[in-house]
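Colleague: Got a file for you: target_32.pdb, PDB, C-alpha atoms and all ligand atoms.
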ATOM      1  CA  MET T 109     112.417 184.543  70.123  1.00  0.00           C
ATOM      2  CA  SER T 110     112.296 180.843  70.982  1.00  0.00           C
ATOM      3  CA  ARG T 111     114.062 179.503  74.061  1.00  0.00           C
ATOM      4  CA  ALA T 112     116.568 177.689  71.860  1.00  0.00           C
ATOM      5  CA  ALA T 113     117.274 180.789  69.803  1.00  0.00           C
ATOM      6  CA  ARG T 114     117.767 182.865  72.946  1.00  0.00           C
ATOM      7  CA  ALA T 115     120.162 180.290  74.351  1.00  0.00           C
ATOM      8  CA  PHE T 116     122.068 180.293  71.109  1.00  0.00           C
ATOM      9  CA  VAL T 117     122.427 184.068  71.089  1.00  0.00           C
ATOM     10  CA  ALA T 118     123.428 184.021  74.753  1.00  0.00           C
ATOM     11  CA  ALA T 119     126.095 181.440  73.965  1.00  0.00           C
ATOM     12  CA  VAL T 120     127.865 183.858  71.677  1.00  0.00           C
ATOM     13  CA  MET T 121     128.605 186.913  73.737  1.00  0.00           C
ATOM     14  CA  VAL T 122     129.936 189.829  71.779  1.00  0.00           C
ATOM     15  CA  ALA T 123     131.995 192.589  73.303  1.00  0.00           C
ATOM     16  CA  GLY T 124     133.617 195.265  71.251  1.00  0.00           C
ATOM     17  CA  PRO T 125     136.610 196.779  72.989  1.00  0.00           C
ATOM     18  CA  ALA T 126     138.003 198.043  69.695  1.00  0.00           C
ATOM     19  CA  VAL T 127     134.765 199.830  68.840  1.00  0.00           C
ATOM     20  CA  ALA T 128     133.018 202.576  70.782  1.00  0.00           C
ATOM     21  CA  ALA T 129     129.737 201.416  72.328  1.00  0.00           C
ATOM     22  CA  ASP T 130     127.715 203.752  70.140  1.00  0.00           C
ATOM     23  CA  ALA T 131     129.630 203.043  66.919  1.00  0.00           C
ATOM     24  CA  GLN T 132     127.500 202.198  63.901  1.00  0.00           C
ATOM     25  CA  PRO T 133     128.235 199.665  61.159  1.00  0.00           C
ATOM     26  CA  PRO T 134     129.642 201.207  57.948  1.00  0.00           C
ATOM     27  CA  ARG T 135     127.022 202.169  55.395  1.00  0.00           C
ATOM     28  CA  ALA T 136     127.948 199.288  53.086  1.00  0.00           C
ATOM     29  CA  ALA T 137     127.004 196.886  55.895  1.00  0.00           C
ATOM     30  CA  THR T 138     123.476 198.250  56.332  1.00  0.00           C
ATOM     31  CA  PRO T 139     121.731 195.492  54.321  1.00  0.00           C
ATOM     32  CA  CYS T 140     123.906 192.831  55.947  1.00  0.00           C
ATOM     33  CA  THR T 141     122.650 193.649  59.437  1.00  0.00           C
ATOM     34  CA  ALA T 142     119.206 192.245  58.584  1.00  0.00           C
ATOM     35  CA  CYS T 143     120.611 188.716  58.697  1.00  0.00           C
ATOM     36  CA  HIS T 144     124.029 188.953  60.345  1.00  0.00           C
ATOM     37  CA  GLY T 145     123.053 191.572  62.931  1.00  0.00           C
ATOM     38  CA  PRO T 146     124.731 194.961  63.454  1.00  0.00           C
ATOM     39  CA  LYS T 147     127.630 193.340  65.324  1.00  0.00           C
ATOM     40  CA  GLY T 148     127.742 190.068  63.402  1.00  0.00           C
ATOM     41  CA  VAL T 149     125.631 187.934  65.715  1.00  0.00           C
ATOM     42  CA  ALA T 150     123.140 186.493  63.252  1.00  0.00           C
ATOM     43  CA  THR T 151     119.514 187.410  63.665  1.00  0.00           C
ATOM     44  CA  MET T 152     118.268 184.846  61.131  1.00  0.00           C
ATOM     45  CA  PRO T 153     118.464 181.170  62.036  1.00  0.00           C
ATOM     46  CA  ASP T 154     120.088 180.178  58.736  1.00  0.00           C
ATOM     47  CA  ALA T 155     122.699 182.958  58.661  1.00  0.00           C
ATOM     48  CA  PRO T 156     126.137 182.409  60.202  1.00  0.00           C
ATOM     49  CA  HIS T 157     127.573 184.599  62.944  1.00  0.00           C
ATOM     50  CA  ILE T 158     130.381 186.658  61.466  1.00  0.00           C
ATOM     51  CA  ALA T 159     131.404 188.730  64.513  1.00  0.00           C
ATOM     52  CA  GLY T 160     135.055 188.350  65.330  1.00  0.00           C
ATOM     53  CA  GLN T 161     135.955 186.379  62.212  1.00  0.00           C
ATOM     54  CA  PRO T 162     139.508 187.123  61.106  1.00  0.00           C
ATOM     55  CA  ARG T 163     139.595 190.186  58.881  1.00  0.00           C
ATOM     56  CA  ALA T 164     141.452 188.336  56.116  1.00  0.00           C
ATOM     57  CA  TYR T 165     138.830 185.568  56.134  1.00  0.00           C
ATOM     58  CA  LEU T 166     135.958 188.042  55.753  1.00  0.00           C
ATOM     59  CA  VAL T 167     137.715 189.816  52.871  1.00  0.00           C
ATOM     60  CA  GLU T 168     138.456 186.486  51.212  1.00  0.00           C
ATOM     61  CA  GLN T 169     134.886 185.162  51.512  1.00  0.00           C
ATOM     62  CA  LEU T 170     133.268 188.386  50.308  1.00  0.00           C
ATOM     63  CA  LYS T 171     135.575 188.499  47.286  1.00  0.00           C
ATOM     64  CA  ALA T 172     134.825 184.830  46.615  1.00  0.00           C
ATOM     65  CA  PHE T 173     131.060 185.505  46.676  1.00  0.00           C
ATOM     66  CA  ARG T 174     131.555 188.560  44.452  1.00  0.00           C
ATOM     67  CA  SER T 175     133.611 186.671  41.869  1.00  0.00           C
ATOM     68  CA  GLY T 176     131.413 183.571  41.915  1.00  0.00           C
ATOM     69  CA  ARG T 177     134.191 181.356  43.304  1.00  0.00           C
ATOM     70  CA  ARG T 178     131.880 180.738  46.285  1.00  0.00           C
ATOM     71  CA  THR T 179     128.196 180.681  45.502  1.00  0.00           C
ATOM     72  CA  HIS T 180     125.074 181.029  47.603  1.00  0.00           C
ATOM     73  CA  GLU T 181     121.686 182.270  46.443  1.00  0.00           C
ATOM     74  CA  VAL T 182     121.584 185.215  48.861  1.00  0.00           C
ATOM     75  CA  MET T 183     125.258 185.999  49.367  1.00  0.00           C
ATOM     76  CA  THR T 184     126.150 185.979  45.680  1.00  0.00           C
ATOM     77  CA  PHE T 185     123.519 188.666  45.211  1.00  0.00           C
ATOM     78  CA  MET T 186     124.560 190.603  48.335  1.00  0.00           C
ATOM     79  CA  ALA T 187     128.257 190.709  47.412  1.00  0.00           C
ATOM     80  CA  LYS T 188     127.803 191.422  43.709  1.00  0.00           C
ATOM     81  CA  ASN T 189     127.986 195.204  43.965  1.00  0.00           C
ATOM     82  CA  LEU T 190     130.411 195.604  46.848  1.00  0.00           C
ATOM     83  CA  SER T 191     133.514 197.630  45.981  1.00  0.00           C
ATOM     84  CA  ASP T 192     136.941 196.684  47.354  1.00  0.00           C
ATOM     85  CA  ALA T 193     136.595 199.647  49.744  1.00  0.00           C
ATOM     86  CA  ASP T 194     133.184 198.399  50.934  1.00  0.00           C
ATOM     87  CA  ILE T 195     134.661 194.957  51.589  1.00  0.00           C
ATOM     88  CA  GLN T 196     137.560 196.461  53.559  1.00  0.00           C
ATOM     89  CA  GLU T 197     135.179 198.545  55.688  1.00  0.00           C
ATOM     90  CA  ILE T 198     132.822 195.637  56.313  1.00  0.00           C
ATOM     91  CA  ALA T 199     135.735 193.360  57.234  1.00  0.00           C
ATOM     92  CA  ASP T 200     137.175 196.040  59.554  1.00  0.00           C
ATOM     93  CA  TRP T 201     133.820 196.344  61.284  1.00  0.00           C
ATOM     94  CA  TYR T 202     132.877 192.710  61.835  1.00  0.00           C
ATOM     95  CA  SER T 203     136.437 191.642  62.735  1.00  0.00           C
ATOM     96  CA  SER T 204     136.637 194.372  65.385  1.00  0.00           C
ATOM     97  CA  PHE T 205     134.467 192.397  67.816  1.00  0.00           C
ATOM     98  CA  GLU T 206     135.688 189.832  70.276  1.00  0.00           C
ATOM     99  CA  ILE T 207     133.839 186.558  70.810  1.00  0.00           C
ATOM    100  CA  GLU T 208     133.470 184.735  74.089  1.00  0.00           C
ATOM    101  CA  VAL T 209     132.364 181.102  73.863  1.00  0.00           C
ATOM    102  CA  LYS T 210     130.647 179.366  76.742  1.00  0.00           C
ATOM    103  CA  PRO T 211     128.334 176.381  77.228  1.00  0.00           C
ATOM    104  CA  ARG T 212     124.630 176.885  76.640  1.00  0.00           C
ATOM    105  CA  PRO T 213     122.819 177.520  79.903  1.00  0.00           C
TER     106      PRO T 213
HETATM  107  C1  LIG T 301     119.041 187.516  53.668  1.00  0.00           C
HETATM  108  C2  LIG T 301     120.073 187.177  54.633  1.00  0.00           C
HETATM  109  C3  LIG T 301     121.504 187.661  54.394  1.00  0.00           C
HETATM  110  C4  LIG T 301     121.933 188.936  54.107  1.00  0.00           C
HETATM  111  C5  LIG T 301     121.089 190.191  53.896  1.00  0.00           C
HETATM  112  C6  LIG T 301     123.384 188.872  54.051  1.00  0.00           C
HETATM  113  N1  LIG T 301     123.812 187.605  54.314  1.00  0.00           N
HETATM  114 FE1  LIG T 301     125.745 186.986  54.480  1.00  0.00          FE
HETATM  115  N2  LIG T 301     125.146 185.082  54.651  1.00  0.00           N
HETATM  116  C7  LIG T 301     123.831 184.658  54.689  1.00  0.00           C
HETATM  117  C8  LIG T 301     123.786 183.198  54.656  1.00  0.00           C
HETATM  118  C9  LIG T 301     122.542 182.334  54.669  1.00  0.00           C
HETATM  119  C10 LIG T 301     125.138 182.766  54.583  1.00  0.00           C
HETATM  120  C11 LIG T 301     125.670 181.330  54.471  1.00  0.00           C
HETATM  121  C12 LIG T 301     126.135 181.120  53.031  1.00  0.00           C
HETATM  122  C13 LIG T 301     126.529 179.701  52.697  1.00  0.00           C
HETATM  123  O1  LIG T 301     125.858 178.777  53.161  1.00  0.00           O
HETATM  124  O2  LIG T 301     127.496 179.544  51.951  1.00  0.00           O
HETATM  125  C14 LIG T 301     125.955 183.979  54.600  1.00  0.00           C
HETATM  126  C15 LIG T 301     127.344 183.977  54.596  1.00  0.00           C
HETATM  127  C16 LIG T 301     128.129 185.104  54.746  1.00  0.00           C
HETATM  128  C17 LIG T 301     129.544 185.111  54.946  1.00  0.00           C
HETATM  129  C18 LIG T 301     130.443 183.893  55.046  1.00  0.00           C
HETATM  130  C19 LIG T 301     130.533 183.459  56.479  1.00  0.00           C
HETATM  131  C20 LIG T 301     131.408 182.274  56.678  1.00  0.00           C
HETATM  132  O3  LIG T 301     131.450 181.802  57.826  1.00  0.00           O
HETATM  133  O4  LIG T 301     132.048 181.787  55.744  1.00  0.00           O
HETATM  134  C21 LIG T 301     129.931 186.409  55.052  1.00  0.00           C
HETATM  135  C22 LIG T 301     131.337 186.935  55.275  1.00  0.00           C
HETATM  136  C23 LIG T 301     128.754 187.220  54.892  1.00  0.00           C
HETATM  137  N3  LIG T 301     127.655 186.391  54.718  1.00  0.00           N
HETATM  138  C24 LIG T 301     128.739 188.595  54.891  1.00  0.00           C
HETATM  139  C25 LIG T 301     127.629 189.354  54.502  1.00  0.00           C
HETATM  140  C26 LIG T 301     127.693 190.752  54.178  1.00  0.00           C
HETATM  141  C27 LIG T 301     128.945 191.602  54.256  1.00  0.00           C
HETATM  142  C28 LIG T 301     126.443 191.137  53.826  1.00  0.00           C
HETATM  143  C29 LIG T 301     125.973 192.474  53.338  1.00  0.00           C
HETATM  144  C30 LIG T 301     126.648 193.003  52.162  1.00  0.00           C
HETATM  145  C31 LIG T 301     125.582 189.957  53.971  1.00  0.00           C
HETATM  146  N4  LIG T 301     126.355 188.899  54.345  1.00  0.00           N
HETATM  147  C32 LIG T 301     124.203 189.948  53.768  1.00  0.00           C
HETATM  148  C33 LIG T 301     122.721 185.470  54.772  1.00  0.00           C
HETATM  149  C34 LIG T 301     122.691 186.831  54.514  1.00  0.00           C
END
Take the structure in the file and write it out as structure tokens.

Modeller:
Amino acid sequence: MSRAARAFVAAVMVAGPAVAADAQPPRAATPCTACHGPKGVATMPDAPHIAGQPRAYLVEQLKAFRSGRRTHEVMTFMAKNLSDADIQEIADWYSSFEIEVKPRP
């Protein structure tokens, strides 16, 4: 990882008091972790961090991608086959983390 990328990841510290340390993402989130990371800290430079986003926002955005109201080459495809239950589980998971923001070192 580049120095800049490391600094960026370090700038977004994720702690999960609501989730046990060994908890795993729900099954529906498995493909998402490749870009957004298991806890929502993005592992791809062009993917947004989604850890700690409000639950309602995550539900809203995933439904918007699924319906085509919001479009993006990758996300439209990723959300296409999510059920309402999948979306609820994914939103529960990623919104369960707490974000701490601090200046880059
Ligand atoms: C190949 C990489 C990739 C994968 C896999 C992926 N995403 Fe994304 N995701 C992105 C990118 C890139 C964006 C930014 C979309 C845009 O610019 O509108 C995004 C945007 C989002 C957003 C909106 C964030 C915001 O701030 O508005 C959510 C929520 C999200 N993804 C959830 C998921 C979920 C849930 C999955 C799995 C079902 C998933 N993503 C799989 C790359 C990915």

Colleague: Using only C-alpha atoms and all ligand atoms, find each residue of chain T with at least one atom at most 6 Å away from an atom of ligand LIG 301 (chain T); report its shortest atom-to-atom pair and that distance in Å (one decimal), sort the rows by chain and rising residue number, and return the result as a tab-separated table.

Modeller:
residue	atom	partner	partner_atom	distance
T:Ala137	CA	T:LIG301	C29	5.2
T:Pro139	CA	T:LIG301	C29	5.3
T:Cys140	CA	T:LIG301	C29	3.3
T:Ala142	CA	T:LIG301	C5	5.5
T:Cys143	CA	T:LIG301	C2	4.4
T:Asp154	CA	T:LIG301	C9	5.2
T:Ala155	CA	T:LIG301	C9	4.0
T:Pro156	CA	T:LIG301	C10	5.7
T:Ile158	CA	T:LIG301	C19	5.9
T:Leu166	CA	T:LIG301	C22	4.8
T:Gln169	CA	T:LIG301	C22	5.5
T:Leu170	CA	T:LIG301	C22	5.5
T:His180	CA	T:LIG301	O2	5.2
T:Val182	CA	T:LIG301	C1	5.9
T:Met183	CA	T:LIG301	FE1	5.2
T:Met186	CA	T:LIG301	C30	5.0
T:Ala187	CA	T:LIG301	C30	5.5
T:Ile198	CA	T:LIG301	C27	6.0

Colleague: Distance atom CA of Arg135 of chain T-atom CA of Lys188 of chain T, one decimal place?

Modeller: 15.9 Å

Colleague: Quick one: of T:Gly145, T:Tyr165, T:Thr151, T:Thr138, who's nearest to Asp200 of chain T, counting all atoms listed in the file?

Modeller: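 With all atoms listed in the file as the atom set, the closest residue is T:Tyr165.
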
Colleague: In Å, rounded to a single decimal, give me how far atom CA of Asp192 of chain T is from atom CA of Gln132 of chain T.

Modeller: 19.8 Å

Colleague: Quote the spacing between atom CA of Ala131 of chain T and atom CA of Val167 of chain T in Å to one decimal place.

Modeller: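 A separation of 20.9 Å between them.
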
Colleague: Which is closest to Tyr202 of chain T among T:Gly176, T:Pro153, T:Pro134, T:Gly148, if we use only C-alpha atoms?

Modeller: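 Between T:Gly176, T:Pro153, T:Pro134, T:Gly148, the residue approaching Tyr202 of chain T most closely is T:Gly148.
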
Colleague: For Ser191 of chain T, find every residue with an atom within 10 Å (counting only C-alpha atoms), except residues of its own chain fewer than 4 positions away, and show them as an mmCIF file with C-alpha atoms, keeping the file's coordinate frame.

Modeller:
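Here's the written file result_12.cif:
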data_model
loop_
_atom_site.group_PDB
_atom_site.id
_atom_site.type_symbol
_atom_site.label_atom_id
_atom_site.label_comp_id
_atom_site.auth_asym_id
_atom_site.auth_seq_id
_atom_site.Cartn_x
_atom_site.Cartn_y
_atom_site.Cartn_z
ATOM 1 C CA ALA T 136 127.948 199.288 53.086
ATOM 2 C CA LYS T 171 135.575 188.499 47.286
ATOM 3 C CA ARG T 174 131.555 188.560 44.452
ATOM 4 C CA ALA T 187 128.257 190.709 47.412
ATOM 5 C CA ILE T 195 134.661 194.957 51.589
ATOM 6 C CA GLN T 196 137.560 196.461 53.559
ATOM 7 C CA GLU T 197 135.179 198.545 55.688
#

Colleague: Which of these residues is nearest to Ser175 of chain T, using only C-alpha atoms: T:Ala199, T:Ile207, T:Leu190, T:Ala150?

Modeller: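 Among the listed residues, T:Leu190 lies closest to Ser175 of chain T.
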
Colleague: Each side padded by 3 Å, which centre and which edge lengths in Å (one decimal) define the axis-aligned box around the listed atoms of segment 184-188 of chain T? Give them as lines of an AutoDock Vina configuration file.

Modeller:
center_x = 125.9
center_y = 188.7
center_z = 46.0
size_x = 10.7
size_y = 11.4
size_z = 10.6

Colleague: Considering only C-alpha atoms, state which residue in the set T:Thr184, T:Thr141, T:Pro162, T:Ala172 is at the smallest distance from Ser203 of chain T.

Modeller: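 Closest to Ser203 of chain T of all the choices is T:Pro162.
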
Colleague: Between T:His144, T:Ala159, T:Thr179, T:Met152, which has the minimum distance to Trp201 of chain T (counting only C-alpha atoms)?

Modeller: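 Closest candidate: T:Ala159.
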
Colleague: With all atoms listed in the file as the atoms that count, which of T:Asp130, T:Gly160, T:Asn189, T:Lys210 lies nearest to Phe173 of chain T?

Modeller: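 Residue with the minimum atom-to-atom distance to Phe173 of chain T: T:Asn189.
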